[in-house]
$ cat run.cif   # mmCIF, C-alpha atoms and all ligand atoms
data_protein
#
loop_
_atom_site.label_atom_id
_atom_site.label_comp_id
_atom_site.auth_asym_id
_atom_site.auth_seq_id
_atom_site.Cartn_x
_atom_site.Cartn_y
_atom_site.Cartn_z
CA MET A 1128 5.53 -8.78 5.18
CA GLY A 1129 2.95 -11.52 4.96
CA MET A 1130 2.04 -11.55 1.31
CA PRO A 1131 2.57 -13.73 -1.76
CA VAL A 1132 4.68 -12.14 -4.49
CA ARG A 1133 4.22 -12.94 -8.16
CA ILE A 1134 6.75 -12.08 -10.84
CA THR A 1135 5.99 -12.02 -14.56
CA LEU A 1136 8.99 -11.55 -16.82
CA TYR A 1137 10.32 -11.92 -20.35
CA ALA A 1138 13.84 -13.33 -20.73
CA PRO A 1139 15.79 -14.89 -23.62
CA ASP A 1140 15.70 -18.34 -22.04
CA ARG A 1141 14.62 -20.36 -19.03
CA ALA A 1142 17.98 -20.18 -17.25
CA ALA A 1143 18.12 -16.39 -17.51
CA ALA A 1144 14.53 -16.15 -16.26
CA ASP A 1145 15.20 -18.41 -13.27
CA ALA A 1146 18.41 -16.63 -12.30
CA ALA A 1147 16.73 -13.23 -12.43
CA ALA A 1148 13.67 -14.40 -10.50
CA ASP A 1149 15.87 -15.99 -7.83
CA ALA A 1150 17.74 -12.71 -7.37
CA ALA A 1151 14.44 -10.80 -7.07
CA PHE A 1152 12.98 -13.19 -4.48
CA LYS A 1153 16.23 -13.08 -2.54
CA ARG A 1154 15.99 -9.30 -2.37
CA ILE A 1155 12.40 -9.54 -1.08
CA LYS A 1156 13.47 -11.99 1.62
CA GLU A 1157 16.24 -9.63 2.64
CA LEU A 1158 13.77 -6.74 2.92
CA ASN A 1159 11.34 -8.86 4.91
CA ALA A 1160 14.06 -9.43 7.51
CA ILE A 1161 14.45 -5.66 7.82
CA LEU A 1162 10.96 -4.22 7.42
CA SER A 1163 8.55 -6.80 8.86
CA ASP A 1164 6.70 -6.03 12.07
CA TYR A 1165 5.77 -9.70 12.46
CA GLU A 1166 9.36 -10.93 12.71
CA PRO A 1167 10.50 -10.24 16.29
CA ASP A 1168 14.14 -9.93 15.18
CA SER A 1169 13.63 -7.69 12.15
CA GLU A 1170 15.51 -4.41 12.21
CA LEU A 1171 12.14 -2.65 12.50
CA SER A 1172 11.04 -4.70 15.54
CA LEU A 1173 14.39 -4.14 17.24
CA LEU A 1174 14.03 -0.40 16.63
CA SER A 1175 10.52 -0.45 18.16
CA LYS A 1176 11.96 -2.13 21.26
CA THR A 1177 14.19 0.90 21.89
CA SER A 1178 11.18 3.24 22.11
CA GLY A 1179 11.15 5.49 25.13
CA GLY A 1180 14.75 4.60 26.00
CA GLY A 1181 16.25 7.85 24.71
CA GLU A 1182 18.52 6.03 22.28
CA THR A 1183 19.28 7.29 18.76
CA VAL A 1184 19.56 4.19 16.58
CA PRO A 1185 21.50 4.14 13.28
CA LEU A 1186 19.43 2.61 10.46
CA SER A 1187 20.29 0.43 7.47
CA PRO A 1188 19.93 2.18 4.09
CA ASP A 1189 16.66 0.31 3.38
CA LEU A 1190 15.01 1.15 6.70
CA TRP A 1191 16.22 4.74 6.42
CA THR A 1192 14.71 5.06 2.93
CA VAL A 1193 11.32 3.68 3.93
CA LEU A 1194 11.08 5.47 7.27
CA SER A 1195 12.16 8.87 5.96
CA ARG A 1196 9.68 8.65 3.07
CA ALA A 1197 6.97 7.53 5.52
CA GLN A 1198 7.59 10.58 7.68
CA GLU A 1199 7.46 12.86 4.65
CA LEU A 1200 4.05 11.42 3.77
CA SER A 1201 2.84 11.86 7.37
CA ARG A 1202 3.82 15.50 7.21
CA ARG A 1203 2.16 16.03 3.83
CA SER A 1204 -1.04 14.26 4.92
CA ASP A 1205 -1.16 15.92 8.32
CA GLY A 1206 -0.90 12.54 10.03
CA ALA A 1207 -3.48 10.58 8.01
CA PHE A 1208 -0.58 8.31 7.09
CA ASP A 1209 1.32 7.23 10.18
CA VAL A 1210 3.60 4.24 10.68
CA THR A 1211 3.41 4.60 14.46
CA VAL A 1212 -0.20 3.37 14.25
CA GLY A 1213 1.06 -0.16 15.12
CA PRO A 1214 -0.31 -0.47 18.68
CA ALA A 1215 -3.80 0.43 17.44
CA VAL A 1216 -3.49 -1.85 14.39
CA TRP A 1217 -2.48 -4.65 16.73
CA LEU A 1218 -5.72 -4.26 18.75
CA TRP A 1219 -7.75 -4.27 15.54
CA ARG A 1220 -5.97 -7.43 14.37
CA LYS A 1221 -7.10 -9.09 17.61
CA ALA A 1222 -10.59 -7.67 17.12
CA ARG A 1223 -10.70 -9.41 13.75
CA VAL A 1224 -9.96 -12.76 15.34
CA VAL A 1225 -12.45 -12.51 18.22
CA ARG A 1226 -14.98 -10.35 16.30
CA LYS A 1227 -15.27 -7.89 19.16
CA LEU A 1228 -14.43 -4.19 19.14
CA PRO A 1229 -11.18 -3.27 20.91
CA ASP A 1230 -11.63 -2.35 24.58
CA PRO A 1231 -11.81 1.48 24.70
CA ALA A 1232 -9.41 1.69 27.67
CA ALA A 1233 -6.87 -0.53 25.89
CA LEU A 1234 -7.26 1.55 22.74
CA ALA A 1235 -6.74 4.81 24.66
CA GLU A 1236 -3.59 3.32 26.21
CA ALA A 1237 -2.34 2.16 22.78
CA MET A 1238 -2.94 5.63 21.32
CA LYS A 1239 -0.41 7.11 23.75
CA ALA A 1240 2.28 5.48 21.61
CA VAL A 1241 0.77 6.69 18.29
CA GLY A 1242 1.74 9.88 16.47
CA TRP A 1243 4.27 10.47 13.71
CA ARG A 1244 5.97 13.27 15.63
CA LYS A 1245 7.05 10.67 18.19
CA ILE A 1246 9.66 9.52 15.65
CA VAL A 1247 12.65 11.84 15.40
CA LEU A 1248 14.91 11.27 12.39
CA ASP A 1249 18.50 12.45 12.15
CA PRO A 1250 19.30 12.84 8.42
CA GLN A 1251 23.03 13.38 9.06
CA LYS A 1252 23.46 10.16 11.02
CA ARG A 1253 20.60 8.39 9.22
CA ALA A 1254 19.31 7.41 12.62
CA ALA A 1255 16.01 7.39 14.51
CA LYS A 1256 14.86 8.02 18.05
CA LEU A 1257 11.45 6.84 19.25
CA LEU A 1258 10.29 9.24 21.92
CA VAL A 1259 7.73 7.34 24.01
CA PRO A 1260 7.56 3.77 25.37
CA ASN A 1261 5.59 0.91 23.75
CA MET A 1262 5.79 2.25 20.22
CA ARG A 1263 5.30 -0.33 17.52
CA LEU A 1264 6.24 0.78 14.03
CA ASP A 1265 4.21 -0.80 11.25
CA LEU A 1266 5.36 -0.39 7.64
CA GLY A 1267 2.51 -2.53 6.28
CA ALA A 1268 1.12 0.34 4.23
CA ILE A 1269 4.36 1.23 2.46
CA ALA A 1270 6.90 -1.63 2.55
CA LYS A 1271 5.23 -3.83 -0.06
CA GLY A 1272 5.48 -1.10 -2.67
CA TYR A 1273 9.16 -0.65 -1.87
CA ALA A 1274 9.80 -4.40 -1.95
CA ALA A 1275 8.12 -4.70 -5.36
CA ASP A 1276 10.29 -1.88 -6.74
CA GLU A 1277 13.44 -3.40 -5.29
CA ALA A 1278 12.59 -6.80 -6.78
CA LEU A 1279 12.12 -5.14 -10.17
CA ALA A 1280 15.51 -3.43 -9.75
CA ALA A 1281 17.09 -6.82 -8.99
CA LEU A 1282 15.63 -8.19 -12.23
CA ARG A 1283 16.95 -5.18 -14.14
CA ARG A 1284 20.47 -5.78 -12.78
CA ARG A 1285 20.22 -9.24 -14.37
CA GLY A 1286 19.26 -7.73 -17.71
CA VAL A 1287 15.51 -8.40 -17.41
CA THR A 1288 13.60 -5.18 -18.08
CA ARG A 1289 10.24 -6.47 -19.34
CA ALA A 1290 8.77 -7.53 -16.01
CA LEU A 1291 5.99 -6.99 -13.50
CA VAL A 1292 6.32 -7.68 -9.78
CA ALA A 1293 3.06 -7.95 -7.83
CA ALA A 1294 3.08 -8.06 -4.04
CA GLY A 1295 -0.66 -8.40 -3.56
CA GLY A 1296 -2.17 -5.16 -4.84
CA ASP A 1297 1.20 -3.42 -4.94
CA MET A 1298 2.88 -3.66 -8.32
CA ALA A 1299 6.13 -2.50 -9.85
CA LEU A 1300 5.87 -2.27 -13.64
CA GLY A 1301 8.92 -2.44 -15.85
CA ASP A 1302 9.07 -2.17 -19.63
CA PRO A 1303 5.92 -3.52 -21.34
CA PRO A 1304 5.63 -7.06 -22.73
CA PRO A 1305 7.01 -7.35 -26.30
CA GLY A 1306 4.76 -5.62 -28.84
CA LYS A 1307 2.38 -4.27 -26.18
CA PRO A 1308 1.73 -0.65 -25.19
CA GLY A 1309 1.91 -1.57 -21.49
CA TRP A 1310 0.91 -4.05 -18.83
CA ARG A 1311 -2.84 -4.65 -18.77
CA ILE A 1312 -4.07 -4.63 -15.18
CA ALA A 1313 -7.60 -5.43 -14.10
CA VAL A 1314 -9.12 -3.05 -11.59
CA ALA A 1315 -11.12 -4.62 -8.77
CA SER A 1316 -14.65 -3.37 -8.32
CA LEU A 1317 -16.19 -2.43 -4.99
CA GLU A 1318 -18.90 -5.00 -5.47
CA MET A 1319 -16.45 -7.82 -6.05
CA ALA A 1320 -17.02 -10.75 -3.71
CA GLU A 1321 -14.26 -11.44 -1.24
CA ASP A 1322 -13.71 -14.93 -2.62
CA ASP A 1323 -12.89 -13.48 -6.01
CA VAL A 1324 -10.32 -11.16 -4.49
CA CYS A 1325 -8.68 -13.89 -2.45
CA GLY A 1326 -8.59 -16.24 -5.41
CA HIS A 1327 -7.32 -13.43 -7.65
CA ALA A 1328 -10.03 -14.30 -10.13
CA TRP A 1329 -10.47 -10.73 -11.24
CA ARG A 1330 -13.80 -10.53 -12.95
CA PRO A 1331 -13.82 -8.24 -15.99
CA GLN A 1332 -16.93 -6.13 -16.20
CA PRO A 1333 -18.98 -5.49 -19.34
CA GLN A 1334 -17.07 -3.61 -22.01
CA GLY A 1335 -18.04 -0.41 -23.80
CA ALA A 1336 -17.42 1.91 -20.89
CA ASN A 1337 -17.25 5.67 -21.18
CA ALA A 1338 -14.94 8.05 -19.35
CA GLN A 1339 -17.34 8.51 -16.43
CA ASP A 1340 -17.47 4.82 -15.61
CA PRO A 1341 -14.98 3.09 -13.36
CA PRO A 1342 -12.01 1.77 -15.34
CA HIS A 1343 -11.93 -1.96 -15.95
CA PHE A 1344 -8.36 -2.18 -17.10
CA ILE A 1345 -5.33 0.03 -16.72
CA ILE A 1346 -2.53 0.05 -19.29
CA ALA A 1347 0.75 1.19 -17.77
CA SER A 1348 4.49 0.59 -17.70
CA ARG A 1349 7.62 1.96 -16.00
CA CYS A 1350 5.76 3.04 -12.88
CA SER A 1351 4.25 1.62 -9.70
CA LEU A 1352 0.63 0.90 -8.92
CA ALA A 1353 -1.09 0.24 -5.60
CA THR A 1354 -4.60 -0.72 -4.55
CA SER A 1355 -5.98 -0.11 -1.11
CA GLY A 1356 -9.33 -0.38 0.60
CA ASP A 1357 -11.57 -2.20 3.00
CA LEU A 1358 -12.57 -4.67 0.30
CA PHE A 1359 -9.44 -6.69 0.88
CA GLN A 1360 -9.26 -6.96 4.66
CA HIS A 1361 -11.94 -6.02 7.15
CA VAL A 1362 -13.93 -7.27 10.10
CA GLU A 1363 -17.69 -7.03 10.59
CA ILE A 1364 -18.79 -6.37 14.17
CA ASP A 1365 -22.43 -5.67 15.09
CA GLY A 1366 -23.26 -5.16 11.42
CA LYS A 1367 -20.58 -2.51 10.88
CA ARG A 1368 -17.54 -3.12 8.71
CA TYR A 1369 -14.13 -1.98 9.96
CA SER A 1370 -11.10 -1.86 7.67
CA HIS A 1371 -7.55 -2.93 8.55
CA ILE A 1372 -6.65 0.67 7.76
CA VAL A 1373 -6.86 2.70 10.95
CA ASP A 1374 -7.34 6.45 11.23
CA PRO A 1375 -4.29 7.39 13.31
CA ARG A 1376 -6.08 10.40 14.71
CA THR A 1377 -8.88 8.33 16.30
CA GLY A 1378 -7.44 4.81 16.49
CA ILE A 1379 -10.60 3.47 14.81
CA GLY A 1380 -10.65 1.19 11.75
CA LEU A 1381 -12.10 2.98 8.71
CA THR A 1382 -15.79 2.31 8.17
CA ASP A 1383 -15.89 3.90 4.69
CA HIS A 1384 -16.47 1.48 1.90
CA SER A 1385 -13.83 2.38 -0.66
CA LEU A 1386 -11.35 1.25 -3.24
CA VAL A 1387 -8.32 3.36 -4.14
CA VAL A 1388 -5.91 2.81 -7.04
CA VAL A 1389 -2.79 4.97 -7.20
CA ILE A 1390 -0.21 5.12 -9.99
CA ALA A 1391 3.07 6.80 -9.05
CA ARG A 1392 6.74 7.08 -9.95
CA ASP A 1393 7.81 4.56 -7.35
CA GLY A 1394 6.32 1.93 -5.09
CA ILE A 1395 6.79 3.80 -1.83
CA ALA A 1396 4.73 6.66 -3.23
CA ALA A 1397 2.02 4.45 -4.77
CA ASP A 1398 1.59 2.17 -1.75
CA GLY A 1399 1.81 4.95 0.83
CA LEU A 1400 -0.52 7.27 -1.08
CA ALA A 1401 -3.14 4.55 -1.65
CA THR A 1402 -3.46 4.03 2.09
CA THR A 1403 -3.39 7.80 2.72
CA VAL A 1404 -6.18 8.48 0.21
CA SER A 1405 -8.24 5.74 1.90
CA VAL A 1406 -7.94 7.64 5.19
CA LEU A 1407 -8.41 11.13 3.75
CA GLY A 1408 -11.36 10.26 1.51
CA PRO A 1409 -11.74 11.19 -2.18
CA ARG A 1410 -11.71 14.99 -1.99
CA ALA A 1411 -8.78 15.68 0.32
CA GLY A 1412 -7.08 12.54 -0.98
CA LEU A 1413 -7.18 13.59 -4.64
CA LYS A 1414 -5.91 17.05 -3.69
CA LEU A 1415 -2.82 15.38 -2.23
CA ILE A 1416 -2.46 13.26 -5.38
CA GLU A 1417 -2.71 16.33 -7.65
CA ALA A 1418 0.05 17.95 -5.58
CA THR A 1419 2.35 14.93 -6.03
CA ALA A 1420 4.48 14.91 -9.19
CA GLY A 1421 3.83 11.83 -11.32
CA ALA A 1422 0.93 10.54 -9.21
CA GLU A 1423 -2.61 9.77 -10.42
CA ALA A 1424 -5.47 8.05 -8.64
CA PHE A 1425 -8.91 6.56 -8.98
CA VAL A 1426 -11.28 6.29 -6.00
CA ALA A 1427 -14.57 4.39 -5.74
CA ARG A 1428 -16.66 5.00 -2.65
CA LYS A 1429 -19.91 3.43 -1.59
CA LEU A 1430 -22.29 5.43 0.57
CA SER A 1431 -25.27 3.33 1.67
CA ASP A 1432 -26.16 1.75 -1.68
CA LYS A 1433 -24.84 4.45 -4.00
CA THR A 1434 -21.36 4.16 -5.48
CA GLU A 1435 -19.42 7.28 -6.47
CA TRP A 1436 -16.25 7.48 -8.57
CA PHE A 1437 -13.55 10.10 -8.53
CA GLU A 1438 -10.27 10.41 -10.39
CA SER A 1439 -7.33 12.77 -10.70
CA LYS A 1440 -6.96 14.84 -13.88
CA GLY A 1441 -4.29 12.74 -15.54
CA PHE A 1442 -5.67 9.32 -14.65
CA ARG A 1443 -7.51 9.11 -17.96
CA ARG A 1444 -4.35 8.34 -19.91
CA PHE A 1445 -3.99 5.02 -18.08
CA ARG A 1446 -7.50 3.84 -18.97
CA GLU A 1447 -7.62 1.15 -21.58
CA LYS A 1448 -8.85 2.78 -24.79
CA ALA A 1449 -11.63 1.11 -26.72
CA SER A 1450 -9.26 0.82 -29.70
CA SER A 1451 -6.78 -1.26 -27.73
CA LEU A 1452 -9.40 -3.77 -26.56
CA PRO A 1453 -8.68 -7.31 -27.73
P1 LIG B 1501 -2.69 -3.80 2.15
O1 LIG B 1501 -1.78 -4.20 3.26
O2 LIG B 1501 -3.98 -4.54 2.16
O3 LIG B 1501 -2.02 -3.75 0.81
P2 LIG B 1501 -2.37 -1.00 2.76
O4 LIG B 1501 -1.22 -0.75 1.87
O5 LIG B 1501 -3.43 0.06 2.78
O6 LIG B 1501 -3.15 -2.32 2.45
O7 LIG B 1501 -1.78 -1.18 4.21
C1 LIG B 1501 -2.58 -1.48 5.33
C2 LIG B 1501 -1.70 -1.79 6.51
O8 LIG B 1501 -0.98 -0.62 6.92
C3 LIG B 1501 -2.48 -2.22 7.74
O9 LIG B 1501 -2.62 -3.62 7.78
C4 LIG B 1501 -1.61 -1.72 8.87
O10 LIG B 1501 -0.57 -2.63 9.11
C5 LIG B 1501 -1.02 -0.44 8.31
N1 LIG B 1501 -1.82 0.78 8.55
C6 LIG B 1501 -3.14 0.85 8.90
N2 LIG B 1501 -3.56 2.12 8.96
C7 LIG B 1501 -2.49 2.91 8.63
C8 LIG B 1501 -2.30 4.33 8.51
N3 LIG B 1501 -3.28 5.19 8.72
N4 LIG B 1501 -1.05 4.77 8.15
C9 LIG B 1501 -0.04 3.90 7.93
N5 LIG B 1501 -0.17 2.57 8.03
C10 LIG B 1501 -1.37 2.06 8.37
MG MG B 1502 -0.49 1.07 1.14
#
$ encode --input "run.cif" --output "structure tokens" --more "lines below"
Ligand code: ADP
Ligand code: MG
Amino acid sequence: MGMPVRITLYAPDRAAADAAADAAFKRIKELNAILSDYEPDSELSLLSKTSGGGETVPLSPDLWTVLSRAQELSRRSDGAFDVTVGPAVWLWRKARVVRKLPDPAALAEAMKAVGWRKIVLDPQKRAAKLLVPNMRLDLGAIAKGYAADEALAALRRRGVTRALVAAGGDMALGDPPPGKPGWRIAVASLEMAEDDVCGHAWRPQPQGANAQDPPHFIIASRCSLATSGDLFQHVEIDGKRYSHIVDPRTGIGLTDHSLVVVIARDGIAADGLATTVSVLGPRAGLKLIEATAGAEAFVARKLSDKTEWFESKGFRRFREKASSLP
């Protein structure tokens, strides 16, 4: 899935910590072999190769879980979230390398294989049929959240419950560190330089914030958290910035400048919703969040040189309170 994973955990001793961490990393490797669209032999890539052939392919429990949840999110977001967006994403990945917009004819051709209704799931057989040729499923917006959750579950099976698994901006949070109300997570700011993000040198902003300001730290546990936005990956062509998140309805990389943080009951929901809210924008996006049990979100958006902040009703309880500042 192309990302570093960091695990923080509390265990009675070094041996227990190592054994648990090994089991968690093993689980992530296993999932990579199933869910990656980079690996030509992953279960996902093999499924994509059957597209247009009329075959109904039985899926492993992991691929079934991720794909059926992805389809549910596509339905709920009216196609703003769409794992069939792969052929368009692929052209934008190339555009990033050569710094040239995708050829419109090539993009139009790619879009023929995009559309969530082109995946037909059979819940009885736990199988999938891909209706048109040249489809390329891409779970990049949802698999990391699932992998983080599954790694946390692997730790739990080894008796480690106080842990945090971070797959880039996608985090699975277990029980809090000893004596703490929760895990303290720094929120990136829209203005943050790219170097800072890549080096993970999160820069805390001045303290003394009030409720209207963007949150600097989130305190949370026993949930999942995801961050999405053009801050992390984008390409600038002719002075315009295009995100690695593509609007599946147009095939064009998002040009909105935004940062989305979603807290949800599990990683599939957090990761998937963060990408979806990026596509939908703050208003429609937060409506979807409010309609999702256990989900809260914060959105920062920059329009020309003005930054606006939005958050769902219950997000406030995850903000670090002044009284819990160090
Ligand atoms: P990140 O990978 O930086 O954590 P996301 O979770 O938002 O960010 O996932 C972005 C990835 O998801 C893209 O690199 C691409 O592979 C895929 N993708 C892009 N646009 C969409 C979309 N509209 N719906 C589903 N997946 C998408
Ligand atoms: Mg995502």
$ atom_distance --input "run.cif" --atom1 "CA of Ser1178 in chain A" --atom2 "CA of Ala1255 in chain A"
9.9 Å
$ residues_near_ligand --input "run.cif" --ligand "ligand MG 1502 (chain B)" --cutoff "9 Å" --atoms "all atoms listed in the file" --output "list in words"
Leu1266, Gly1267, Ala1268, Ile1269, Ala1270, Lys1271, Gly1272, Gly1296, Asp1297, Ala1353, Thr1354, Ser1355, Gly1356, Ile1395, Ala1396, Ala1397, Asp1398, Gly1399, Leu1400, Ala1401, Thr1402 and Thr1403 of chain A
$ atom_distance --input "run.cif" --atom1 "CA of Leu1194 in chain A" --atom2 "CA of Ala1150 in chain A"
24.3 Å
$ closest_residue --input "run.cif" --among "A:Thr1177, A:Gln1198, A:Ser1348, A:Ser1163" --to "Arg1444 in chain A" --atoms "all atoms listed in the file"
A:Ser1348
$ residues_around --input "run.cif" --residues "Gly1213 in chain A" --least-positions-apart "4" --cutoff "9 Å" --atoms "all atoms listed in the file" --output "MDAnalysis selection string"
chainID A and resid 1164 1209 1217:1218 1237 1240:1241 1262:1266
$ closest_residue --input "run.cif" --among "A:Asp1149, A:Glu1170, A:Glu1423, A:Glu1182" --to "Ala1347 in chain A" --atoms "all atoms listed in the file"
A:Glu1423
$ residues_around --input "run.cif" --residues "Lys1440 in chain A" --least-positions-apart "2" --cutoff "12 Å" --atoms "all atoms listed in the file" --output "PyMOL selection string"
chain A and resi 1338+1413-1414+1416-1418+1421-1425+1437-1438+1442-1445
$ write_last_selection --input "run.cif" --atoms "C-alpha atoms" --output "CSV table (one decimal), in the frame of the given file"
chain,number,residue,atom,x,y,z
A,1338,ALA,CA,-14.9,8.0,-19.4
A,1413,LEU,CA,-7.2,13.6,-4.6
A,1414,LYS,CA,-5.9,17.0,-3.7
A,1416,ILE,CA,-2.5,13.3,-5.4
A,1417,GLU,CA,-2.7,16.3,-7.6
A,1418,ALA,CA,0.0,18.0,-5.6
A,1421,GLY,CA,3.8,11.8,-11.3
A,1422,ALA,CA,0.9,10.5,-9.2
A,1423,GLU,CA,-2.6,9.8,-10.4
A,1424,ALA,CA,-5.5,8.0,-8.6
A,1425,PHE,CA,-8.9,6.6,-9.0
A,1437,PHE,CA,-13.6,10.1,-8.5
A,1438,GLU,CA,-10.3,10.4,-10.4
A,1442,PHE,CA,-5.7,9.3,-14.6
A,1443,ARG,CA,-7.5,9.1,-18.0
A,1444,ARG,CA,-4.4,8.3,-19.9
A,1445,PHE,CA,-4.0,5.0,-18.1
$ closest_residue --input "run.cif" --among "A:His1384, A:Arg1368, A:Arg1283, A:Lys1227" --to "Leu1136 in chain A" --atoms "only C-alpha atoms"
A:Arg1283
$ axis_aligned_box --input "run.cif" --around "ligand LIG 1501 (chain B)" --padding-each-side "8 Å" --output "JSON"
{"center_x": -2.0, "center_y": 0.3, "center_z": 5.0, "size_x": 19.9, "size_y": 25.7, "size_z": 24.3}
$ closest_residue --input "run.cif" --among "A:Gln1251, A:Asn1261, A:Thr1135, A:Ser1204" --to "ligand LIG 1501 (chain B)" --atoms "all atoms listed in the file"
A:Ser1204
$ atom_distance --input "run.cif" --atom1 "CA of Leu1352 in chain A" --atom2 "CA of Val1389 in chain A"
5.6 Å
$ closest_residue --input "run.cif" --among "A:Ala1222, A:Glu1318, A:Thr1183, A:Pro1308" --to "Gly1380 in chain A" --atoms "only C-alpha atoms"
A:Ala1222
$ closest_residue --input "run.cif" --among "A:Arg1220, A:Arg1154, A:Arg1285, A:Arg1202" --to "ligand LIG 1501 (chain B)" --atoms "all atoms listed in the file"
A:Arg1220
$ residues_around --input "run.cif" --residues "range 1405-1411 of chain A" --least-positions-apart "4" --cutoff "8 Å" --atoms "all atoms listed in the file" --output "PyMOL selection string"
chain A and resi 1207-1208+1355-1356+1372-1374+1381+1385-1387+1401+1415+1426+1428+1437
$ residues_around --input "run.cif" --residues "Ala1151 in chain A" --least-positions-apart "2" --cutoff "8 Å" --atoms "only C-alpha atoms" --output "PyMOL selection string"
chain A and resi 1147-1149+1153-1155+1277-1282
